[in-house]
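To start, the structure itself, in structure tokens.
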Amino acid sequence: MDFIMQPWEWYVAGPVISFIMFLLYYFGERFGVSSNLETFCSIGGAGKFVNYFKIDWKDNLWNLIFIAGSIAGGFIASNYLTTTDAVNINPQTVKDLADIGIMNAGQTYLPDEIFSVDTMLTLKGFSILIIAGFLVGFGARWAGGCTSGHAIVGLSNLELASLIAVVGFFIGGLVMTWLILPLIF
Amino acid sequence: MKFIKFFLVGILFGIVMSKAEIISWFRIYEMFKFQSFHMYGIIGSAIVLGMISMFLFKKKMVKTFKGDDIHVMPKKEGLSRNLLGGILFGLGWALAGACPGPMFVLIGKGVVSILVVIFGATLGAFFYGVYKDKLPH
């Protein structure tokens with residue numbers, strides 16, 4: 001039990017994620033989280049305006065159930081399988097974040113400067129959350145996949161399209177982290 | 001009842017995302033700063049083992065539980081779609097500190113503000129659907 005309660009190392013997490021992908025294919029489906037966003041649009045009636053969303057969302061019900069399970073898993077892990085909310089990041093990372101205005105890095109899972117309810121209720125904080133989500137959703141659907149579909153499935157399957165997408169993920173991520181984040185806070 | 005297995009696999013996914021701190025904004029920042037091997041080890045080992053899964057699927061050594069062949073649908077080709085879409089995704093990933101999977105796991109952790117991010121992501125998917133034909137692919 002002690003092993004479960006500790007933070008899991010990469011050599012545990014990577015194989016578990018790969019096993020999850022294996023199971024989803026074994027169950028006759030696939031591994032890809034961002035397509036659920038399109039399913040949300042279809043359920044919300046977007047098919048009335050745009051043909052692209054005219055799909056029978058019930059075909060994707062298994063994936064909605066998968067993310068419902070992941071919500072439950074997040075609840076179980078944070079309430080019953082974790083003793084501390086601290087994240088053991090590199091001390092240099094903590095210093096770098098303090099330099100750009102994000103304090104107490106690693107003492108919790110998420111920075112208050114972005115995710116606290118107080119921040120969310122400010123115009124700037126709300127805008128950051130919406131824009132971040134918008135970029136993820138728009139980008140993932142344009143590229144045809146996110147970290148699960150492109151980085152893990154696509155690269156495992158040796159697809160050039162996924163290699164290009166992952167290079168894109170890193171260009172965007174590096175520009176945000178090194179150039180844009182320091183200007184925001 | 002046929003859906004319960006997906007719920008259970010989802011629970012495992014939520015647990016591993018939480019326990020390995022993949023849902024932590026700080027882990028994503030640290031990754032893009034190249035200050036830790038953690039995320040690279042996770043994604044890299046998942047891919048290396050995933051290659052073995054793909055090999056087993058292609059050689060038909062593993063079939064679905066119903067006995068059907070497993071075909072992994074290839075991703076759509078196209079430099080513009082993958083590179084430009086990928087760049088936008090990366091900008092959002094580093095700002096939100098979460099890709100779509102962890103966003104949902106964070107609901108389970110009780111993070112209210114992540115709902116705004118998920119709403120934004122759904123809006124993004126909707127706008128992609130609206131402007132799809134005007135974008136290069």
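Residues in the structure tokens are named by chain (A, B, ... in the order shown) and by number from 1 within that chain; ligands are numbered from 1 in the order shown.
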- Task: For range 82-86 of chain A, list every protein, DNA or RNA residue within 10 Å, evaluated using only C-alpha atoms, and leave out those in the same chain fewer than 2 positions away; present the list as a list in words.
- Result: Ile4, Met5, Gln6, Pro7, Ile76, Ala77, Ser78, Asn79, Tyr80, Asn88, Ile89, Ala105, Gly106, Gln107, Thr108, Tyr109 and Leu110 of chain A; Ser18, Lys19, Glu21 and Ser24 of chain B
- Task: Give me the residues within 8 Å of range 82-93 of chain B as number ranges by chain, counting only C-alpha atoms and dropping any in the same chain fewer than 6 places off.
- Result: A: 131-144, 146, 161-162, 164-176; B: 99, 137
- Among the residues of range 24-118 of chain B, find those DSSP assigns to helix (DSSP H, G or I) from the backbone and print them as a PyMOL selection string. chain B and resi 25-32+38-58+79-96+100-109+114-118
